[in-house]
>>> print(open('query.txt').read())   # compact mmCIF, N, CA and C atoms
# COMPACT_ATOMS: atom_id res chain seq x y z
N MET A 197 -1.76 10.73 -8.36
CA MET A 197 -2.01 11.09 -7.00
C MET A 197 -1.36 10.05 -6.09
N ILE A 198 -0.68 10.53 -5.07
CA ILE A 198 -0.03 9.65 -4.11
C ILE A 198 -0.90 9.58 -2.86
N THR A 199 -1.24 8.36 -2.45
CA THR A 199 -2.09 8.15 -1.28
C THR A 199 -1.29 7.42 -0.21
N HIS A 200 -1.32 7.96 1.00
CA HIS A 200 -0.66 7.35 2.15
C HIS A 200 -1.72 6.62 2.98
N PHE A 201 -1.57 5.32 3.14
CA PHE A 201 -2.47 4.53 3.98
C PHE A 201 -1.71 4.16 5.25
N GLY A 202 -2.20 4.58 6.39
CA GLY A 202 -1.54 4.27 7.65
C GLY A 202 -1.67 5.41 8.62
N TYR A 203 -0.64 5.58 9.48
CA TYR A 203 -0.73 6.58 10.54
C TYR A 203 0.65 6.87 11.13
N SER A 204 0.69 7.94 11.89
CA SER A 204 1.86 8.33 12.67
C SER A 204 1.39 8.51 14.11
N ASP A 205 2.09 7.90 15.05
CA ASP A 205 1.75 8.07 16.46
C ASP A 205 3.02 8.07 17.29
N GLY A 206 2.90 7.95 18.59
CA GLY A 206 4.07 7.99 19.46
C GLY A 206 5.06 6.86 19.24
N SER A 207 4.62 5.78 18.61
CA SER A 207 5.51 4.65 18.36
C SER A 207 6.24 4.74 17.02
N GLY A 208 5.84 5.68 16.15
CA GLY A 208 6.51 5.84 14.87
C GLY A 208 5.56 6.20 13.74
N GLU A 209 6.10 6.10 12.52
CA GLU A 209 5.32 6.36 11.30
C GLU A 209 5.19 5.05 10.54
N TYR A 210 3.97 4.74 10.12
CA TYR A 210 3.71 3.48 9.43
C TYR A 210 2.75 3.75 8.27
N TYR A 211 3.28 3.75 7.06
CA TYR A 211 2.46 4.04 5.88
C TYR A 211 2.81 3.10 4.73
N ILE A 212 1.79 2.63 4.04
CA ILE A 212 1.94 2.03 2.73
C ILE A 212 1.49 3.11 1.76
N ILE A 213 2.32 3.39 0.77
CA ILE A 213 2.08 4.50 -0.16
C ILE A 213 1.81 3.93 -1.54
N ILE A 214 0.73 4.38 -2.16
CA ILE A 214 0.39 3.93 -3.50
C ILE A 214 0.26 5.14 -4.41
N ASP A 215 1.04 5.13 -5.49
CA ASP A 215 1.02 6.21 -6.47
C ASP A 215 0.08 5.81 -7.60
N SER A 216 -1.11 6.40 -7.62
CA SER A 216 -2.12 6.01 -8.62
C SER A 216 -1.71 6.39 -10.04
N ASP A 217 -0.80 7.34 -10.18
CA ASP A 217 -0.31 7.68 -11.52
C ASP A 217 0.55 6.55 -12.09
N LYS A 218 1.24 5.82 -11.22
CA LYS A 218 2.08 4.70 -11.65
C LYS A 218 1.35 3.37 -11.65
N CYS A 219 0.33 3.24 -10.81
CA CYS A 219 -0.39 1.97 -10.65
C CYS A 219 -1.13 1.61 -11.94
N SER A 220 -0.88 0.41 -12.44
CA SER A 220 -1.54 -0.06 -13.67
C SER A 220 -2.85 -0.79 -13.38
N GLY A 221 -3.11 -1.07 -12.10
CA GLY A 221 -4.32 -1.81 -11.74
C GLY A 221 -4.23 -3.29 -12.06
N CYS A 222 -3.02 -3.82 -12.20
CA CYS A 222 -2.84 -5.22 -12.58
C CYS A 222 -3.22 -6.20 -11.47
N GLY A 223 -3.13 -5.77 -10.21
CA GLY A 223 -3.51 -6.62 -9.09
C GLY A 223 -2.44 -7.55 -8.58
N LYS A 224 -1.22 -7.46 -9.10
CA LYS A 224 -0.15 -8.35 -8.64
C LYS A 224 0.17 -8.14 -7.16
N CYS A 225 0.14 -6.90 -6.71
CA CYS A 225 0.41 -6.62 -5.29
C CYS A 225 -0.69 -7.21 -4.41
N VAL A 226 -1.93 -7.15 -4.88
CA VAL A 226 -3.07 -7.71 -4.14
C VAL A 226 -2.90 -9.21 -3.98
N LYS A 227 -2.51 -9.89 -5.05
CA LYS A 227 -2.34 -11.35 -5.03
C LYS A 227 -1.18 -11.77 -4.13
N LYS A 228 -0.13 -10.97 -4.05
CA LYS A 228 1.06 -11.33 -3.28
C LYS A 228 0.96 -11.00 -1.79
N CYS A 229 -0.02 -10.20 -1.39
CA CYS A 229 -0.13 -9.79 0.02
C CYS A 229 -0.57 -10.97 0.89
N PRO A 230 0.30 -11.46 1.78
CA PRO A 230 -0.07 -12.61 2.62
C PRO A 230 -1.13 -12.27 3.67
N GLN A 231 -1.31 -10.99 3.95
CA GLN A 231 -2.29 -10.56 4.94
C GLN A 231 -3.64 -10.17 4.31
N THR A 232 -3.74 -10.26 3.02
CA THR A 232 -4.92 -9.83 2.24
C THR A 232 -5.38 -8.42 2.63
N ALA A 233 -4.42 -7.53 2.81
CA ALA A 233 -4.71 -6.15 3.22
C ALA A 233 -4.98 -5.23 2.03
N LEU A 234 -4.60 -5.65 0.84
CA LEU A 234 -4.77 -4.82 -0.36
C LEU A 234 -6.01 -5.23 -1.14
N LYS A 235 -6.53 -4.28 -1.89
CA LYS A 235 -7.67 -4.52 -2.78
C LYS A 235 -7.50 -3.65 -4.01
N LEU A 236 -8.25 -3.95 -5.05
CA LEU A 236 -8.35 -3.06 -6.21
C LEU A 236 -9.65 -2.29 -6.08
N GLU A 237 -9.60 -1.01 -6.37
CA GLU A 237 -10.80 -0.18 -6.33
C GLU A 237 -10.78 0.80 -7.48
N THR A 238 -11.94 1.29 -7.83
CA THR A 238 -12.05 2.26 -8.90
C THR A 238 -12.11 3.65 -8.29
N GLU A 239 -11.21 4.52 -8.75
CA GLU A 239 -11.17 5.91 -8.30
C GLU A 239 -11.37 6.83 -9.50
N PHE A 240 -11.89 7.99 -9.24
CA PHE A 240 -12.07 8.99 -10.28
C PHE A 240 -10.82 9.86 -10.29
N ILE A 241 -9.96 9.66 -11.30
CA ILE A 241 -8.67 10.35 -11.38
C ILE A 241 -8.55 11.00 -12.75
N ASP A 242 -8.18 12.26 -12.76
CA ASP A 242 -7.99 12.99 -14.02
C ASP A 242 -9.19 12.85 -14.96
N LEU A 243 -10.37 13.05 -14.41
CA LEU A 243 -11.63 13.05 -15.15
C LEU A 243 -12.01 11.71 -15.75
N GLU A 244 -11.47 10.62 -15.20
CA GLU A 244 -11.87 9.29 -15.66
C GLU A 244 -11.76 8.28 -14.53
N ASP A 245 -12.48 7.18 -14.65
CA ASP A 245 -12.39 6.10 -13.68
C ASP A 245 -11.13 5.29 -13.95
N LYS A 246 -10.43 4.94 -12.87
CA LYS A 246 -9.20 4.16 -13.00
C LYS A 246 -9.16 3.13 -11.88
N THR A 247 -8.79 1.91 -12.20
CA THR A 247 -8.63 0.86 -11.20
C THR A 247 -7.22 0.94 -10.63
N VAL A 248 -7.14 1.05 -9.30
CA VAL A 248 -5.85 1.16 -8.62
C VAL A 248 -5.87 0.31 -7.35
N ALA A 249 -4.69 0.02 -6.83
CA ALA A 249 -4.55 -0.71 -5.57
C ALA A 249 -4.80 0.24 -4.41
N ALA A 250 -5.31 -0.32 -3.32
CA ALA A 250 -5.55 0.45 -2.10
C ALA A 250 -5.52 -0.51 -0.91
N ILE A 251 -5.33 0.03 0.27
CA ILE A 251 -5.41 -0.76 1.50
C ILE A 251 -6.88 -0.85 1.90
N LYS A 252 -7.32 -2.04 2.27
CA LYS A 252 -8.70 -2.22 2.72
C LYS A 252 -8.95 -1.37 3.96
N ASN A 253 -10.16 -0.84 4.07
CA ASN A 253 -10.52 0.04 5.18
C ASN A 253 -10.21 -0.56 6.55
N GLU A 254 -10.49 -1.83 6.73
CA GLU A 254 -10.30 -2.45 8.04
C GLU A 254 -8.83 -2.58 8.45
N HIS A 255 -7.91 -2.36 7.53
CA HIS A 255 -6.48 -2.46 7.84
C HIS A 255 -5.79 -1.10 7.97
N ARG A 256 -6.44 -0.04 7.59
CA ARG A 256 -5.79 1.27 7.50
C ARG A 256 -5.28 1.80 8.84
N LYS A 257 -5.98 1.53 9.92
CA LYS A 257 -5.56 2.05 11.23
C LYS A 257 -4.73 1.05 12.02
N LYS A 258 -4.40 -0.07 11.41
CA LYS A 258 -3.55 -1.05 12.08
C LYS A 258 -2.46 -1.59 11.15
N ILE A 259 -2.01 -0.73 10.25
CA ILE A 259 -0.96 -1.08 9.28
C ILE A 259 0.28 -1.65 9.99
N LYS A 260 0.66 -1.05 11.10
CA LYS A 260 1.85 -1.49 11.84
C LYS A 260 1.76 -2.98 12.16
N TYR A 261 0.59 -3.44 12.51
CA TYR A 261 0.41 -4.84 12.90
C TYR A 261 0.11 -5.73 11.70
N THR A 262 -0.68 -5.23 10.78
CA THR A 262 -1.04 -6.02 9.60
C THR A 262 0.17 -6.27 8.71
N CYS A 263 0.94 -5.22 8.44
CA CYS A 263 2.04 -5.32 7.47
C CYS A 263 3.41 -5.55 8.11
N GLY A 264 3.50 -5.47 9.41
CA GLY A 264 4.80 -5.59 10.09
C GLY A 264 5.52 -6.90 9.85
N SER A 265 4.79 -7.99 9.70
CA SER A 265 5.42 -9.29 9.50
C SER A 265 6.09 -9.42 8.13
N CYS A 266 5.78 -8.53 7.21
CA CYS A 266 6.38 -8.57 5.87
C CYS A 266 7.68 -7.78 5.79
N ASN A 267 8.12 -7.21 6.91
CA ASN A 267 9.38 -6.47 6.95
C ASN A 267 9.40 -5.31 5.96
N PRO A 268 8.39 -4.42 6.00
CA PRO A 268 8.31 -3.35 5.01
C PRO A 268 9.44 -2.33 5.08
N GLU A 269 10.08 -2.19 6.23
CA GLU A 269 11.17 -1.21 6.33
C GLU A 269 12.33 -1.55 5.40
N SER A 270 12.43 -2.78 4.98
CA SER A 270 13.48 -3.19 4.05
C SER A 270 13.09 -2.93 2.60
N ASN A 271 11.83 -2.50 2.38
CA ASN A 271 11.27 -2.35 1.04
C ASN A 271 11.34 -3.65 0.25
N ARG A 272 11.25 -4.78 0.98
CA ARG A 272 11.26 -6.09 0.34
C ARG A 272 9.95 -6.84 0.60
N ALA A 273 8.93 -6.12 1.03
CA ALA A 273 7.62 -6.74 1.27
C ALA A 273 7.09 -7.30 -0.05
N PRO A 274 6.32 -8.39 0.00
CA PRO A 274 5.82 -9.01 -1.23
C PRO A 274 5.05 -8.06 -2.14
N CYS A 275 4.26 -7.16 -1.57
CA CYS A 275 3.49 -6.22 -2.41
C CYS A 275 4.41 -5.26 -3.15
N ILE A 276 5.47 -4.82 -2.49
CA ILE A 276 6.42 -3.90 -3.11
C ILE A 276 7.19 -4.60 -4.23
N LEU A 277 7.65 -5.81 -3.95
CA LEU A 277 8.40 -6.57 -4.96
C LEU A 277 7.54 -6.96 -6.16
N ALA A 278 6.25 -7.18 -5.94
CA ALA A 278 5.36 -7.59 -7.04
C ALA A 278 5.03 -6.46 -8.00
N CYS A 279 5.18 -5.23 -7.55
CA CYS A 279 4.76 -4.08 -8.36
C CYS A 279 5.83 -3.72 -9.39
N GLU A 280 5.54 -4.04 -10.64
CA GLU A 280 6.48 -3.78 -11.73
C GLU A 280 6.61 -2.30 -12.06
N THR A 281 5.59 -1.51 -11.73
CA THR A 281 5.62 -0.07 -12.04
C THR A 281 6.15 0.77 -10.88
N LYS A 282 6.52 0.11 -9.78
CA LYS A 282 7.05 0.79 -8.58
C LYS A 282 6.05 1.77 -7.98
N ALA A 283 4.76 1.41 -8.03
CA ALA A 283 3.71 2.27 -7.49
C ALA A 283 3.52 2.08 -5.99
N VAL A 284 4.01 0.96 -5.44
CA VAL A 284 3.83 0.66 -4.01
C VAL A 284 5.15 0.89 -3.28
N LYS A 285 5.08 1.69 -2.23
CA LYS A 285 6.25 1.97 -1.39
C LYS A 285 5.79 1.99 0.06
N CYS A 286 6.73 2.20 0.96
CA CYS A 286 6.33 2.32 2.36
C CYS A 286 7.23 3.29 3.11
N VAL A 287 6.68 3.81 4.18
CA VAL A 287 7.44 4.57 5.17
C VAL A 287 7.25 3.79 6.46
N TRP A 288 8.34 3.32 7.04
CA TRP A 288 8.28 2.48 8.24
C TRP A 288 9.37 2.93 9.18
N ASN A 289 9.02 3.82 10.08
CA ASN A 289 10.01 4.41 10.98
C ASN A 289 9.58 4.25 12.44
N PRO A 290 9.84 3.08 13.05
CA PRO A 290 9.52 2.93 14.46
C PRO A 290 10.44 3.81 15.31
N ARG A 291 9.91 4.29 16.41
CA ARG A 291 10.72 5.13 17.31
C ARG A 291 11.22 4.31 18.46
>>> encode(input="query.txt", output="structure tokens")
Amino acid sequence: MITHFGYSDGSGEYYIIIDSDKCSGCGKCVKKCPQTALKLETEFIDLEDKTVAAIKNEHRKKIKYTCGSCNPESNRAPCILACETKAVKCVWNPR
């Protein structure tokens, strides 16, 4: 399952995307996030519990500001680079 954390408004589209099918739950992206915006959580996926990365609730509506300093539009943000399974991506399209 692909989950989009973020929003689209008049200033652009700002999403951190986590593919739970690819996420191993290793936590490397969580450790590398300088803003501590990521967490590991247990989700019920395909009839079983699975630990996956997610954006903390308090950061979901302010992704543009929380993650902007990591230059996510380049896909070189620390969380993206730390993910060996390529489960973390972003959509960053300012208008």
>>> residues_around(input="query.txt", residues="Ser216 of chain A", least_positions_apart="6", cutoff="7 Å", atoms="only N, CA and C atoms", output="mmCIF file with N, CA and C atoms, in the coordinates of the input")
data_model
loop_
_atom_site.group_PDB
_atom_site.id
_atom_site.type_symbol
_atom_site.label_atom_id
_atom_site.label_comp_id
_atom_site.auth_asym_id
_atom_site.auth_seq_id
_atom_site.Cartn_x
_atom_site.Cartn_y
_atom_site.Cartn_z
ATOM 1 N N MET A 197 -1.760 10.730 -8.360
ATOM 2 C CA MET A 197 -2.010 11.090 -7.000
ATOM 3 C C MET A 197 -1.360 10.050 -6.090
ATOM 4 N N ILE A 198 -0.680 10.530 -5.070
ATOM 5 C CA ILE A 198 -0.030 9.650 -4.110
ATOM 6 C C ILE A 198 -0.900 9.580 -2.860
ATOM 7 N N THR A 199 -1.240 8.360 -2.450
ATOM 8 C CA THR A 199 -2.090 8.150 -1.280
ATOM 9 C C THR A 199 -1.290 7.420 -0.210
ATOM 10 N N VAL A 248 -7.140 1.050 -9.300
ATOM 11 C CA VAL A 248 -5.850 1.160 -8.620
ATOM 12 C C VAL A 248 -5.870 0.310 -7.350
ATOM 13 N N ALA A 249 -4.690 0.020 -6.830
ATOM 14 C CA ALA A 249 -4.550 -0.710 -5.570
ATOM 15 C C ALA A 249 -4.800 0.240 -4.410
ATOM 16 N N ALA A 283 4.760 1.410 -8.030
ATOM 17 C CA ALA A 283 3.710 2.270 -7.490
ATOM 18 C C ALA A 283 3.520 2.080 -5.990
#
>>> select_by_dssp(input="query.txt", residues="chain A", states="helix (DSSP H, G or I)", output="MDAnalysis selection string")
chainID A and resid 224:228 253:266 268:270 274:278
>>> residues_around(input="query.txt", residues="Arg291 of chain A", least_positions_apart="2", cutoff="7 Å", atoms="all atoms listed in the file", output="ChimeraX atom specification")
/A:206-209,289
>>> closest_residue(input="query.txt", among="A:Pro274, A:Gly202, A:Pro290, A:Gly221", to="Lys246 of chain A", atoms="only N, CA and C atoms")
A:Gly221
>>> closest_residue(input="query.txt", among="A:Thr238, A:Lys258, A:Lys228, A:Ile251", to="Ala273 of chain A", atoms="all atoms listed in the file")
A:Lys228
>>> closest_residue(input="query.txt", among="A:Leu236, A:Ile276, A:Ile213, A:Gly264", to="Lys252 of chain A", atoms="all atoms listed in the file")
A:Leu236
>>> residues_around(input="query.txt", residues="Asn253 of chain A", least_positions_apart="5", cutoff="8 Å", atoms="all atoms listed in the file", output="ChimeraX atom specification")
/A:233-235,258
>>> atom_distance(input="query.txt", atom1="atom C of Cys229 of chain A", atom2="atom N of Asp245 of chain A")
26.7 Å
>>> select_by_dssp(input="query.txt", residues="segment 210-275 of chain A", states="strand (DSSP E or B)", output="ChimeraX atom specification")
/A:210-215,234-241,244-251
>>> closest_residue(input="query.txt", among="A:Cys266, A:Cys279, A:Asn271, A:Ile259", to="Asp205 of chain A", atoms="only C-alpha atoms")
A:Ile259
>>> atom_distance(input="query.txt", atom1="atom CA of Leu243 of chain A", atom2="atom CA of Cys286 of chain A")
27.3 Å
>>> atom_distance(input="query.txt", atom1="atom CA of Gln231 of chain A", atom2="atom CA of Cys219 of chain A")
20.1 Å
